[in-house]
file entry10.cif (mmCIF, C-alpha atoms and all ligand atoms)
data_input
#
loop_
_atom_site.label_atom_id
_atom_site.label_comp_id
_atom_site.auth_asym_id
_atom_site.auth_seq_id
_atom_site.Cartn_x
_atom_site.Cartn_y
_atom_site.Cartn_z
CA MET A 1 171.22 348.52 52.52
CA GLU A 2 167.54 349.36 52.74
CA THR A 3 165.10 346.55 53.42
CA ARG A 4 162.42 345.98 50.87
CA THR A 5 158.94 344.79 51.65
CA ALA A 6 157.42 342.69 48.91
CA ILE A 7 153.76 343.48 48.35
CA HIS A 8 151.14 341.68 46.33
CA VAL A 9 150.68 342.82 42.76
CA GLU A 10 147.09 343.93 43.49
CA GLU A 11 148.40 346.11 46.31
CA ALA A 12 151.10 347.48 44.02
CA MET A 13 148.48 348.30 41.42
CA GLU A 14 146.34 350.04 44.02
CA ARG A 15 149.26 352.19 45.17
CA LEU A 16 150.17 352.91 41.57
CA MET A 17 146.66 354.03 40.73
CA SER A 18 146.77 356.58 43.55
CA LEU A 19 148.83 358.56 41.02
CA LYS A 20 146.19 358.41 38.33
CA LYS A 21 145.25 361.55 36.42
CA ARG A 22 143.27 362.28 33.29
CA GLY A 23 145.23 363.90 30.52
CA PRO A 24 144.14 367.31 29.18
CA VAL A 25 142.26 367.58 25.90
CA GLU A 26 143.73 369.03 22.73
CA TYR A 27 142.23 369.34 19.27
CA VAL A 28 144.01 367.97 16.24
CA PRO A 29 142.99 367.94 12.56
CA ILE A 30 141.16 364.74 11.69
CA LEU A 31 143.96 363.57 9.40
CA GLU A 32 146.37 363.65 12.32
CA CYS A 33 144.28 361.84 14.90
CA GLU A 34 144.77 358.19 13.89
CA GLY A 35 146.34 356.23 16.76
CA ARG A 36 145.59 359.00 19.26
CA TYR A 37 143.17 358.51 22.14
CA LEU A 38 139.74 360.06 22.05
CA ALA A 39 139.31 362.47 24.96
CA GLU A 40 135.52 362.70 24.84
CA ASP A 41 132.73 360.26 24.11
CA LEU A 42 131.75 360.37 20.46
CA VAL A 43 128.00 360.97 20.40
CA ALA A 44 125.85 360.82 17.27
CA THR A 45 124.85 364.43 16.60
CA HIS A 46 122.25 363.33 14.07
CA ASP A 47 120.55 360.19 12.80
CA VAL A 48 122.43 357.98 10.34
CA PRO A 49 121.31 357.87 7.65
CA PRO A 50 119.98 361.41 8.08
CA PHE A 51 117.08 360.78 5.64
CA ASN A 52 115.24 357.80 4.15
CA ARG A 53 117.28 356.68 1.17
CA SER A 54 117.59 354.03 -1.47
CA PRO A 55 120.15 351.27 -0.93
CA TYR A 56 119.95 350.27 -4.63
CA ASP A 57 119.69 351.65 -8.12
CA GLY A 58 116.04 351.20 -9.05
CA PHE A 59 112.60 352.81 -8.98
CA ALA A 60 110.78 354.49 -6.15
CA ILE A 61 107.06 353.67 -6.19
CA ARG A 62 103.96 353.53 -4.01
CA ALA A 63 103.72 349.90 -2.81
CA GLU A 64 99.92 349.96 -3.05
CA ASP A 65 100.16 350.48 -6.81
CA SER A 66 101.93 347.13 -7.19
CA VAL A 67 99.42 344.96 -5.33
CA HIS A 68 97.95 343.34 -8.44
CA ALA A 69 101.18 342.90 -10.36
CA SER A 70 102.02 339.38 -11.58
CA ALA A 71 104.07 337.71 -14.29
CA ASP A 72 100.92 337.35 -16.40
CA SER A 73 99.72 340.88 -15.88
CA PRO A 74 102.60 343.25 -15.17
CA ILE A 75 101.69 346.71 -13.97
CA THR A 76 102.99 349.69 -15.88
CA PHE A 77 104.35 352.78 -14.19
CA GLN A 78 105.04 356.12 -15.75
CA ILE A 79 108.57 357.33 -14.96
CA ILE A 80 108.31 360.99 -13.98
CA ASP A 81 111.79 361.88 -12.75
CA ALA A 82 115.31 360.62 -12.06
CA ILE A 83 117.33 361.27 -8.90
CA ALA A 84 121.06 360.82 -8.57
CA ALA A 85 122.71 360.40 -5.17
CA GLY A 86 122.98 363.82 -3.61
CA GLU A 87 119.94 365.17 -5.46
CA VAL A 88 116.44 365.71 -4.15
CA SER A 89 113.39 365.31 -6.40
CA GLU A 90 110.87 368.10 -6.34
CA LYS A 91 108.13 365.78 -7.56
CA THR A 92 105.64 363.78 -5.54
CA ILE A 93 104.81 360.29 -6.71
CA ARG A 94 101.10 359.78 -7.47
CA LYS A 95 99.15 356.69 -8.44
CA GLY A 96 100.88 354.71 -11.21
CA GLU A 97 104.03 356.81 -11.16
CA ALA A 98 107.65 355.88 -10.50
CA ILE A 99 110.91 357.81 -10.13
CA ARG A 100 114.32 356.44 -11.15
CA ILE A 101 116.50 356.55 -8.10
CA MET A 102 120.19 355.82 -7.57
CA THR A 103 121.88 354.27 -4.54
CA GLY A 104 122.14 356.78 -1.71
CA ALA A 105 119.55 359.19 -3.10
CA MET A 106 116.80 360.51 -0.84
CA LEU A 107 113.43 358.84 -1.16
CA PRO A 108 111.04 361.14 -3.03
CA ASN A 109 107.72 362.32 -1.57
CA GLY A 110 104.91 359.84 -1.92
CA ALA A 111 107.20 356.80 -2.38
CA ASP A 112 107.23 354.00 0.16
CA ALA A 113 109.15 351.22 -1.64
CA ILE A 114 112.09 350.72 -3.98
CA ILE A 115 112.22 348.12 -6.69
CA MET A 116 115.63 347.22 -8.16
CA PHE A 117 116.26 347.80 -11.89
CA GLU A 118 116.87 344.06 -12.29
CA GLU A 119 113.21 343.35 -11.52
CA THR A 120 111.71 345.72 -14.03
CA ASP A 121 111.30 346.15 -17.76
CA GLU A 122 111.77 349.61 -19.25
CA TRP A 123 110.75 351.19 -22.52
CA GLU A 124 109.83 354.48 -24.07
CA GLU A 125 106.67 355.50 -25.92
CA ASN A 126 106.35 358.91 -27.58
CA GLY A 127 109.27 360.20 -25.58
CA GLN A 128 107.70 359.13 -22.28
CA PRO A 129 109.60 356.46 -20.30
CA TYR A 130 107.73 353.60 -18.66
CA MET A 131 108.61 350.58 -16.54
CA ALA A 132 106.65 347.46 -15.70
CA LEU A 133 106.65 345.32 -12.60
CA LYS A 134 105.73 341.62 -12.43
CA ARG A 135 105.21 341.20 -8.70
CA PRO A 136 103.77 343.12 -5.78
CA VAL A 137 106.19 344.97 -3.52
CA GLU A 138 105.53 345.48 0.17
CA LYS A 139 105.54 348.90 1.75
CA GLY A 140 109.02 349.68 3.13
CA THR A 141 110.83 347.33 0.76
CA ASN A 142 114.44 348.31 0.08
CA ILE A 143 114.34 351.51 2.04
CA SER A 144 117.28 352.42 4.19
CA PHE A 145 115.40 354.28 6.92
CA LYS A 146 116.51 357.43 8.65
CA GLY A 147 118.28 356.49 11.88
CA GLU A 148 118.45 352.76 11.18
CA ASP A 149 122.23 352.75 11.46
CA THR A 150 122.38 354.96 14.52
CA LYS A 151 120.08 357.36 16.35
CA GLN A 152 120.92 360.90 17.34
CA GLY A 153 122.25 360.98 20.91
CA GLU A 154 123.71 357.48 20.93
CA VAL A 155 127.20 357.11 22.39
CA LEU A 156 129.15 355.43 19.61
CA VAL A 157 132.70 355.46 20.89
CA ARG A 158 133.82 355.93 24.47
CA ALA A 159 136.52 358.36 25.52
CA GLY A 160 139.76 356.48 25.96
CA THR A 161 139.42 354.58 22.72
CA LYS A 162 142.39 354.50 20.39
CA ILE A 163 141.32 356.03 17.11
CA ASN A 164 141.19 353.35 14.45
CA PRO A 165 139.89 353.46 10.85
CA GLY A 166 136.31 352.81 11.98
CA VAL A 167 136.44 355.63 14.50
CA MET A 168 137.82 357.88 11.74
CA ALA A 169 134.74 357.07 9.68
CA LEU A 170 132.47 358.11 12.54
CA LEU A 171 134.41 361.29 13.25
CA ALA A 172 133.98 362.27 9.62
CA THR A 173 130.30 361.25 9.62
CA PHE A 174 129.62 363.69 12.43
CA GLY A 175 131.72 366.51 11.09
CA TYR A 176 134.73 366.49 13.37
CA ASP A 177 137.31 368.35 11.33
CA ALA A 178 139.13 368.87 14.62
CA VAL A 179 139.15 365.92 16.97
CA PRO A 180 139.36 366.06 20.78
CA VAL A 181 142.26 363.81 21.73
CA VAL A 182 144.28 363.39 24.88
CA LYS A 183 147.45 365.39 25.13
CA PRO A 184 150.12 362.74 25.60
CA LEU A 185 152.70 362.51 28.32
CA THR A 186 156.33 362.74 27.36
CA ILE A 187 158.02 359.67 28.75
CA GLY A 188 161.78 359.50 29.00
CA ILE A 189 163.79 356.31 28.65
CA LEU A 190 167.07 356.02 30.46
CA SER A 191 168.89 352.70 30.31
CA THR A 192 171.55 351.86 32.84
CA GLY A 193 174.20 349.16 32.65
CA THR A 194 177.94 349.19 32.06
CA GLU A 195 177.47 346.14 29.85
CA LEU A 196 175.27 347.98 27.37
CA LEU A 197 176.32 348.71 23.82
CA GLU A 198 174.56 351.10 21.52
CA VAL A 199 172.54 349.47 18.80
CA HIS A 200 175.11 350.27 16.11
CA GLU A 201 178.10 348.96 18.07
CA ALA A 202 179.80 345.63 17.38
CA LEU A 203 179.60 342.94 20.02
CA ILE A 204 182.62 342.58 22.30
CA PRO A 205 183.11 340.11 25.15
CA GLY A 206 181.03 340.83 28.23
CA LYS A 207 178.77 343.33 26.52
CA ILE A 208 175.28 343.16 25.04
CA ARG A 209 173.29 345.60 22.99
CA ASN A 210 170.67 347.68 24.74
CA SER A 211 167.39 346.13 23.66
CA ASN A 212 165.18 347.44 26.44
CA ALA A 213 165.35 351.03 25.32
CA TYR A 214 163.91 350.18 21.91
CA MET A 215 161.29 347.84 23.30
CA VAL A 216 160.15 350.45 25.80
CA TYR A 217 160.22 353.11 23.10
CA ALA A 218 157.69 351.06 21.12
CA GLN A 219 155.61 350.30 24.21
CA ILE A 220 155.40 354.01 24.96
CA LYS A 221 154.23 354.72 21.43
CA GLN A 222 151.62 351.99 21.59
CA ALA A 223 150.37 353.50 24.83
CA GLY A 224 149.80 356.74 22.94
CA MET A 225 152.61 358.64 24.66
CA VAL A 226 155.63 360.48 23.33
CA PRO A 227 158.93 358.68 23.99
CA LYS A 228 162.12 360.57 24.59
CA MET A 229 165.34 358.61 24.45
CA PHE A 230 168.21 359.61 26.72
CA ARG A 231 171.79 358.49 26.42
CA GLN A 232 172.36 355.16 28.14
CA GLN A 233 174.42 355.23 31.33
CA SER A 234 177.14 353.08 32.85
CA ASP A 235 176.59 351.92 36.40
CA ASP A 236 178.08 354.93 38.09
CA PHE A 237 176.09 356.48 40.89
CA HIS A 238 176.94 360.11 40.17
CA ASP A 239 176.60 359.86 36.42
CA CYS A 240 173.25 358.12 36.77
CA LEU A 241 172.03 360.60 39.34
CA THR A 242 172.95 363.54 37.11
CA ALA A 243 171.39 361.85 34.10
CA VAL A 244 168.15 361.20 35.99
CA GLN A 245 168.02 364.78 37.29
CA LYS A 246 168.59 366.23 33.82
CA ALA A 247 166.10 363.88 32.21
CA LEU A 248 163.44 364.74 34.77
CA GLN A 249 163.57 368.36 33.68
CA GLN A 250 162.53 367.36 30.18
CA VAL A 251 159.80 364.78 30.70
CA ASP A 252 156.57 364.09 32.57
CA VAL A 253 157.49 360.50 33.32
CA LEU A 254 160.87 358.81 33.47
CA ILE A 255 161.43 355.13 32.89
CA THR A 256 164.79 353.75 33.88
CA THR A 257 165.79 350.21 33.06
CA GLY A 258 168.28 348.19 35.02
CA GLY A 259 170.11 348.97 38.23
CA VAL A 260 167.06 348.62 40.41
CA SER A 261 167.96 345.30 42.01
CA VAL A 262 170.24 344.55 44.97
CA GLY A 263 173.53 344.09 43.12
CA ASP A 264 176.70 346.01 43.93
CA TYR A 265 176.11 348.38 41.02
CA ASP A 266 172.35 348.79 41.27
CA PHE A 267 172.18 352.46 42.13
CA LEU A 268 168.58 353.31 41.38
CA PRO A 269 167.35 352.81 44.98
CA ASP A 270 170.08 355.22 46.17
CA ILE A 271 169.14 357.67 43.46
CA TYR A 272 165.50 357.71 44.53
CA ARG A 273 166.64 358.39 48.07
CA GLU A 274 169.02 361.13 46.98
CA LEU A 275 166.26 362.78 44.94
CA GLY A 276 163.83 362.57 47.86
CA ALA A 277 161.32 360.74 45.68
CA ASN A 278 158.26 359.20 47.27
CA VAL A 279 158.68 355.48 46.61
CA LEU A 280 155.29 353.77 46.31
CA PHE A 281 156.78 350.30 46.17
CA ASN A 282 160.09 348.70 45.33
CA LYS A 283 159.35 345.02 45.61
CA VAL A 284 156.36 343.17 44.21
CA LYS A 285 155.47 339.53 44.72
CA MET A 286 155.54 338.88 41.03
CA ARG A 287 157.70 337.17 38.49
CA PRO A 288 159.22 338.46 36.42
CA GLY A 289 159.91 341.96 37.63
CA SER A 290 159.83 341.62 41.42
CA VAL A 291 162.17 344.61 41.78
CA THR A 292 159.92 346.91 39.76
CA THR A 293 159.90 350.26 41.53
CA VAL A 294 157.47 353.13 41.21
CA ALA A 295 158.10 356.54 42.72
CA GLU A 296 156.77 360.04 42.44
CA LEU A 297 158.65 363.31 42.58
CA ASN A 298 157.05 366.76 42.21
CA GLY A 299 154.13 365.32 40.28
CA LYS A 300 156.36 363.34 37.94
CA TRP A 301 156.28 359.58 37.83
CA LEU A 302 159.38 357.44 37.96
CA PHE A 303 159.33 353.84 36.90
CA GLY A 304 162.35 351.74 37.75
CA LEU A 305 162.00 348.71 35.53
CA SER A 306 164.24 345.69 35.76
CA GLY A 307 167.00 345.36 33.19
CA ASN A 308 165.93 341.83 32.38
CA PRO A 309 164.08 342.18 29.10
CA SER A 310 161.08 340.02 30.00
CA ALA A 311 160.76 341.67 33.40
CA CYS A 312 161.08 345.09 31.82
CA PHE A 313 158.37 344.22 29.31
CA VAL A 314 155.96 342.96 31.97
CA GLY A 315 156.66 345.88 34.31
CA PHE A 316 155.73 348.26 31.53
CA GLU A 317 152.58 346.44 30.46
CA LEU A 318 151.23 346.12 33.99
CA PHE A 319 152.15 349.41 35.54
CA VAL A 320 153.12 352.04 32.99
CA ARG A 321 150.41 350.97 30.58
CA SER A 322 147.58 351.00 33.13
CA LEU A 323 148.45 354.50 34.29
CA ALA A 324 148.83 355.59 30.65
CA ASN A 325 145.45 354.16 29.75
CA TYR A 326 143.86 356.07 32.61
CA TRP A 327 145.62 359.23 31.46
CA ASN A 328 144.14 358.50 28.03
CA HIS A 329 140.65 358.71 29.58
CA SER A 330 139.98 355.00 29.52
CA ARG A 331 137.25 353.81 31.85
CA LYS A 332 138.84 350.38 31.59
CA PRO A 333 142.54 351.09 32.05
CA PHE A 334 143.66 347.55 32.85
CA PRO A 335 144.40 344.82 30.34
CA GLU A 336 141.40 342.73 29.40
CA LEU A 337 141.07 339.64 31.57
CA ILE A 338 139.89 336.38 30.03
CA GLU A 339 139.98 332.68 30.89
CA ALA A 340 141.83 330.12 28.85
CA THR A 341 143.16 326.58 29.17
CA LEU A 342 146.82 326.10 30.04
CA THR A 343 148.85 324.11 27.55
CA LYS A 344 151.78 323.44 29.89
CA SER A 345 152.17 322.55 33.58
CA PHE A 346 153.88 324.81 36.11
CA LYS A 347 155.26 324.18 39.60
CA PRO A 348 154.08 326.26 42.58
CA ASN A 349 155.75 329.58 43.24
CA SER A 350 155.67 331.95 46.19
CA PHE A 351 155.28 334.88 43.77
CA THR A 352 152.49 335.43 41.25
CA ARG A 353 153.76 334.70 37.78
CA PHE A 354 152.93 336.53 34.59
CA ILE A 355 153.90 334.03 31.94
CA ARG A 356 154.55 335.60 28.56
CA GLY A 357 152.33 333.96 26.04
CA LYS A 358 149.49 334.20 23.62
CA VAL A 359 146.00 332.85 23.27
CA ASP A 360 145.16 330.40 20.60
CA TYR A 361 141.73 329.15 19.56
CA GLN A 362 141.67 325.45 18.70
CA ASN A 363 138.80 322.98 18.45
CA GLY A 364 136.41 325.24 20.27
CA THR A 365 138.77 325.97 23.17
CA LEU A 366 140.76 329.05 23.98
CA HIS A 367 144.28 327.99 24.96
CA ALA A 368 146.78 329.95 27.03
CA VAL A 369 150.05 329.18 25.31
CA PRO A 370 153.36 330.17 26.94
CA VAL A 371 156.02 331.31 24.49
CA GLY A 372 159.75 330.81 24.99
CA LEU A 373 161.43 330.05 28.25
CA ASP A 374 159.83 331.36 31.40
CA GLN A 375 162.81 333.35 32.60
CA SER A 376 163.05 337.03 33.22
CA ASN A 377 166.24 337.47 31.21
CA MET A 378 164.81 336.05 28.00
CA VAL A 379 164.38 338.28 24.99
CA ALA A 380 163.89 335.90 22.05
CA ALA A 381 160.22 335.08 22.54
CA LEU A 382 159.10 338.63 23.32
CA SER A 383 158.20 339.21 19.70
CA GLU A 384 155.37 336.71 20.08
CA VAL A 385 153.90 337.93 23.34
CA GLU A 386 150.29 339.04 23.19
CA ALA A 387 149.14 338.00 26.62
CA LEU A 388 150.28 337.42 30.18
CA ILE A 389 149.12 334.16 31.71
CA ILE A 390 148.51 334.68 35.42
CA LEU A 391 149.56 331.97 37.83
CA PRO A 392 148.76 333.25 41.32
CA ASP A 393 151.31 332.67 44.09
CA GLY A 394 150.86 329.87 46.59
CA GLU A 395 151.34 326.18 47.22
CA GLN A 396 149.39 324.99 44.22
CA SER A 397 150.87 323.85 40.97
CA TYR A 398 149.19 324.49 37.66
CA GLU A 399 148.44 321.61 35.37
CA LYS A 400 148.14 321.44 31.64
CA GLY A 401 144.42 321.53 30.83
CA GLU A 402 143.54 323.76 33.78
CA ASP A 403 141.65 327.03 33.24
CA VAL A 404 143.62 330.12 34.18
CA LYS A 405 143.22 333.85 33.87
CA VAL A 406 144.99 335.66 31.08
CA LEU A 407 145.61 339.35 30.50
CA LEU A 408 145.30 340.40 26.86
CA LEU A 409 147.82 343.08 26.06
CA ASN A 410 147.30 346.06 23.84
CA HIS A 411 143.62 345.35 23.62
CA CYS A 412 141.25 348.24 23.19
CA SER A 413 138.45 347.01 25.47
CA GLY A 414 140.30 346.64 28.73
CA ASN A 415 139.09 345.95 32.24
CA GLU A 416 137.68 348.26 34.90
CA THR A 417 139.46 346.44 37.70
CA PHE A 418 142.83 344.75 37.79
CA LEU A 419 142.64 340.94 38.20
P1 LIG B 1 169.86 344.72 36.07
O1 LIG B 1 168.41 344.96 36.21
O2 LIG B 1 170.65 345.95 35.85
O3 LIG B 1 170.37 343.91 37.26
O4 LIG B 1 170.07 343.82 34.80
C1 LIG B 1 169.53 342.51 34.76
C2 LIG B 1 169.90 341.84 33.47
O5 LIG B 1 169.34 342.52 32.37
C3 LIG B 1 171.39 341.78 33.19
O6 LIG B 1 171.70 340.54 32.60
C4 LIG B 1 171.61 342.90 32.22
O7 LIG B 1 172.73 342.70 31.40
C5 LIG B 1 170.33 342.88 31.42
N1 LIG B 1 170.02 344.21 30.91
C6 LIG B 1 170.07 345.34 31.62
N2 LIG B 1 169.70 346.40 30.87
C7 LIG B 1 169.44 345.91 29.64
C8 LIG B 1 169.04 346.49 28.44
N3 LIG B 1 168.82 347.81 28.35
N4 LIG B 1 168.85 345.70 27.36
C9 LIG B 1 169.05 344.37 27.47
N5 LIG B 1 169.42 343.76 28.59
C10 LIG B 1 169.64 344.51 29.67
MG MG B 2 172.55 346.48 35.69
#

call {"tool": "encode", "arguments": {"input": "entry10.cif", "output": "C-alpha cells", "more": "lines below"}}
Ligand code: AMP
Ligand code: MG
result
Amino acid sequence: METRTAIHVEEAMERLMSLKKRGPVEYVPILECEGRYLAEDLVATHDVPPFNRSPYDGFAIRAEDSVHASADSPITFQIIDAIAAGEVSEKTIRKGEAIRIMTGAMLPNGADAIIMFEETDEWEENGQPYMALKRPVEKGTNISFKGEDTKQGEVLVRAGTKINPGVMALLATFGYDAVPVVKPLTIGILSTGTELLEVHEALIPGKIRNSNAYMVYAQIKQAGMVPKMFRQQSDDFHDCLTAVQKALQQVDVLITTGGVSVGDYDFLPDIYRELGANVLFNKVKMRPGSVTTVAELNGKWLFGLSGNPSACFVGFELFVRSLANYWNHSRKPFPELIEATLTKSFKPNSFTRFIRGKVDYQNGTLHAVPVGLDQSNMVAALSEVEALIILPDGEQSYEKGEDVKVLLLNHCSGNETFL
C-alpha cells in the first residue's frame, strides 16, 4: 500500500489553489441571473438619482420667497403648474410662484426647496390656485439631489458576488437587460460504498441510505455550479474505475465520496494511480476529513471526499468551495474568518479540528457553538451547521470561554487568505 504524507491544512489549501482558474463570462437575461455569480464589477454608469427630484408630494418653491413666512403672516404663492413623477415642467419658478410636484418628479427650473402638502393651505380664487406657507424653508430642503445615492463611476458590487435581490435592483437601475455572469462548472457526484441504498429504498440490515450525494448536490448548487448525479457504485475496483472514467468525460470536476481511506475496499487511491492523475495531496492534518484527496487529470479536478458525512461536508466547504469561489471571480474565495468565544472545552489533538457549529450572539458576545457530536460519521447535526470552529493542532487544549477563530460558511464576503 502507498504511504501517505499528512500535510497541514494551510499547505493543502496552497496546493489546491495552484489549480485555480477564473470561469469564463456568459450573458444571461436579467430575470435568469438570480443566484448566479457576477463576472464583472458592477459600476454605476450614471448618477443616482440621475436628476434633482422631490422625495415628497408637495410644492416646489424658491426658498428665498419664504423667508418672512410665519404663523401670523403666512406667505401666499401662486401655483403655476403641476408635475407628476416622470414629467418635466417647462415652466421656471419666479418670485412668489410655486409648482405642485409629486414624489419622484424632477425639480423644476428656479426651485430650490420642496414643502410638503401637509404644511400648506390651498385654495382657489377666480380659477387660479394658490397655497400659503406659515414658516420659512431653507434652500435645499427636501430635495433628493442628483448623485446623492451613488455617483457615476463608483464600484457598487464586486465581481464574484452572488446575485441577490439588492444586486438585481442595481442591475436594473443601470440597464443590464443581459447580465455578465460566470459560466458554471459541471460537477459530477459519484458515491461509492457497497452499503449504500438509493434514497427510495427500504432499510435492510447492514445498509444505509446515501445521504452524501444529496448533501453534496446542494453544496454544489450553493457554490453556483451545476451538479450532475451519477449512479452510486459498490466497492468494486473495476466498476468504480469504469464509472469514474465515464463520469470524467461528462464533467469538469468530479467529486467522489467514500472509498478514499485505507480500508480493504477503499479503491479510490488505486483508481487515481490507474488513471495517472496528479495527486496534490491525499492526507491532511485535519479532522474530520483527514483522507480528503485532491487530484488533477487533463485539466479536470478530482475531489475524493470521505464517506463520513461530516467529513464529506467539511471537505467540500474547505476545498471544493474555495476553488469554486475563485472560479466565480471572487477576490475573497475563502470562508470569512471571525473570532468568537467557545462554549465548550476540547482536549488537545494532533490534527487541526474543524468543529461543525454556528455562531450565536448573546449578551454582547459572539459565541462559537458546536452542534451535535464532534465525530466525522455524524449526520444529524449537519442541518444546523453554519460555521466551522477552528481548533489548531498541538498540545494545547481549548477551554470554554476562550476566543477561537471561526469560518463562516456560505457567506458572501469571504476572506482573501485562508486562516
Ligand atoms: P468510507 O469513506 O467509504 O470509508 O466510509 C466511511 C463511512 O461513511 C462509513 O460508515 C460509510 O458507511 C459512510 N458513508 C460512505 N458513503 C456514504 C454516503 N454516500 N452517505 C452516507 N454515509 C456514507
Ligand atoms: Mg466505503

call {"tool": "closest_residue", "arguments": {"input": "entry10.cif", "among": "A:Leu297, A:Leu408, A:Ile338, A:Ala98", "to": "Gln78 (chain A)", "atoms": "only C-alpha atoms"}}
result
A:Ala98

call {"tool": "atom_distance", "arguments": {"input": "entry10.cif", "atom1": "CA of Asp65 (chain A)", "atom2": "CA of Glu97 (chain A)"}}
result
8.6 Å

call {"tool": "residues_near_point", "arguments": {"input": "entry10.cif", "point": "(152.1, 327.5, 24.3)", "cutoff": "8 Å", "atoms": "all atoms listed in the file", "output": "PyMOL selection string"}}
result
chain A and resi 342-344+357-358+367-371

call {"tool": "axis_aligned_box", "arguments": {"input": "entry10.cif", "around": "ligand LIG 1 (chain B)", "padding_each_side": "6 Å", "output": "JSON"}}
result
{"center_x": 170.6, "center_y": 344.2, "center_z": 32.3, "size_x": 16.3, "size_y": 19.3, "size_z": 21.9}

call {"tool": "closest_residue", "arguments": {"input": "entry10.cif", "among": "A:Gly259, A:Pro335, A:Pro269, A:Gly315", "to": "ligand LIG 1 (chain B)", "atoms": "all atoms listed in the file"}}
result
A:Gly259

call {"tool": "residues_near_ligand", "arguments": {"input": "entry10.cif", "ligand": "ligand MG 2 (chain B)", "cutoff": "12 Å", "atoms": "only C-alpha atoms and all ligand atoms", "output": "number ranges by chain"}}
result
A: 191-196, 207-208, 210, 212, 232-237, 240, 256-268, 304-309, 377

call {"tool": "residues_around", "arguments": {"input": "entry10.cif", "residues": "region 33-45 of chain A", "least_positions_apart": "5", "cutoff": "12 Å", "atoms": "all atoms listed in the file", "output": "JSON, numbers by chain"}}
result
{"A": [22, 23, 24, 25, 26, 27, 28, 50, 147, 149, 150, 151, 152, 153, 154, 155, 156, 157, 158, 159, 160, 161, 162, 163, 164, 165, 166, 167, 168, 169, 170, 171, 172, 173, 174, 175, 176, 177, 178, 179, 180, 181, 182, 183, 184, 221, 222, 223, 224, 225, 226, 324, 325, 326, 327, 328, 329, 330, 331, 412]}

call {"tool": "residues_around", "arguments": {"input": "entry10.cif", "residues": "Gly188 (chain A)", "least_positions_apart": "4", "cutoff": "12 Å", "atoms": "only C-alpha atoms", "output": "compact mmCIF listing (two decimals) with C-alpha atoms, in the frame of the given file"}}
result
# COMPACT_ATOMS: atom_id res chain seq x y z
CA ALA A 213 165.35 351.03 25.32
CA TYR A 214 163.91 350.18 21.91
CA VAL A 216 160.15 350.45 25.80
CA TYR A 217 160.22 353.11 23.10
CA ILE A 220 155.40 354.01 24.96
CA LYS A 221 154.23 354.72 21.43
CA MET A 225 152.61 358.64 24.66
CA VAL A 226 155.63 360.48 23.33
CA PRO A 227 158.93 358.68 23.99
CA LYS A 228 162.12 360.57 24.59
CA MET A 229 165.34 358.61 24.45
CA PHE A 230 168.21 359.61 26.72
CA ARG A 231 171.79 358.49 26.42
CA GLN A 232 172.36 355.16 28.14
CA ALA A 243 171.39 361.85 34.10
CA VAL A 244 168.15 361.20 35.99
CA GLN A 245 168.02 364.78 37.29
CA LYS A 246 168.59 366.23 33.82
CA ALA A 247 166.10 363.88 32.21
CA LEU A 248 163.44 364.74 34.77
CA GLN A 249 163.57 368.36 33.68
CA GLN A 250 162.53 367.36 30.18
CA VAL A 251 159.80 364.78 30.70
CA ASP A 252 156.57 364.09 32.57
CA VAL A 253 157.49 360.50 33.32
CA LEU A 254 160.87 358.81 33.47
CA ILE A 255 161.43 355.13 32.89
CA THR A 256 164.79 353.75 33.88
CA THR A 257 165.79 350.21 33.06
CA LYS A 300 156.36 363.34 37.94
CA TRP A 301 156.28 359.58 37.83
CA LEU A 302 159.38 357.44 37.96
CA PHE A 303 159.33 353.84 36.90
CA GLY A 304 162.35 351.74 37.75

call {"tool": "closest_residue", "arguments": {"input": "entry10.cif", "among": "A:Val199, A:Val294, A:Leu366, A:Leu323", "to": "ligand LIG 1 (chain B)", "atoms": "all atoms listed in the file"}}
result
A:Val199

call {"tool": "decode", "arguments": {"input": "entry10.cif", "residues": "region 276-283 of chain A", "atoms": "N, CA, C and O atoms", "output": "compact mmCIF listing (two decimals), in the first residue's frame"}}
result
# COMPACT_ATOMS: atom_id res chain seq x y z
N GLY A 276 -3.61 7.73 -13.74
CA GLY A 276 -2.42 8.58 -13.94
C GLY A 276 -2.68 10.01 -13.52
O GLY A 276 -2.09 10.96 -14.02
N ALA A 277 -3.60 10.19 -12.56
CA ALA A 277 -3.93 11.53 -12.08
C ALA A 277 -2.79 12.08 -11.23
O ALA A 277 -2.07 11.33 -10.58
N ASN A 278 -2.65 13.40 -11.27
CA ASN A 278 -1.65 14.07 -10.45
C ASN A 278 -2.27 14.37 -9.08
O ASN A 278 -3.11 15.24 -8.96
N VAL A 279 -1.87 13.59 -8.08
CA VAL A 279 -2.46 13.75 -6.75
C VAL A 279 -1.76 14.89 -6.00
O VAL A 279 -0.56 14.83 -5.78
N LEU A 280 -2.52 15.92 -5.67
CA LEU A 280 -1.92 17.07 -4.97
C LEU A 280 -1.71 16.78 -3.50
O LEU A 280 -0.74 17.20 -2.90
N PHE A 281 -2.66 16.10 -2.92
CA PHE A 281 -2.49 15.61 -1.54
C PHE A 281 -3.54 14.54 -1.29
O PHE A 281 -4.60 14.51 -1.93
N ASN A 282 -3.19 13.62 -0.35
CA ASN A 282 -4.16 12.58 -0.02
C ASN A 282 -4.26 12.36 1.49
O ASN A 282 -4.89 11.41 1.93
N LYS A 283 -3.63 13.26 2.22
CA LYS A 283 -3.77 13.16 3.68
C LYS A 283 -3.53 14.55 4.26
O LYS A 283 -2.52 15.19 3.97
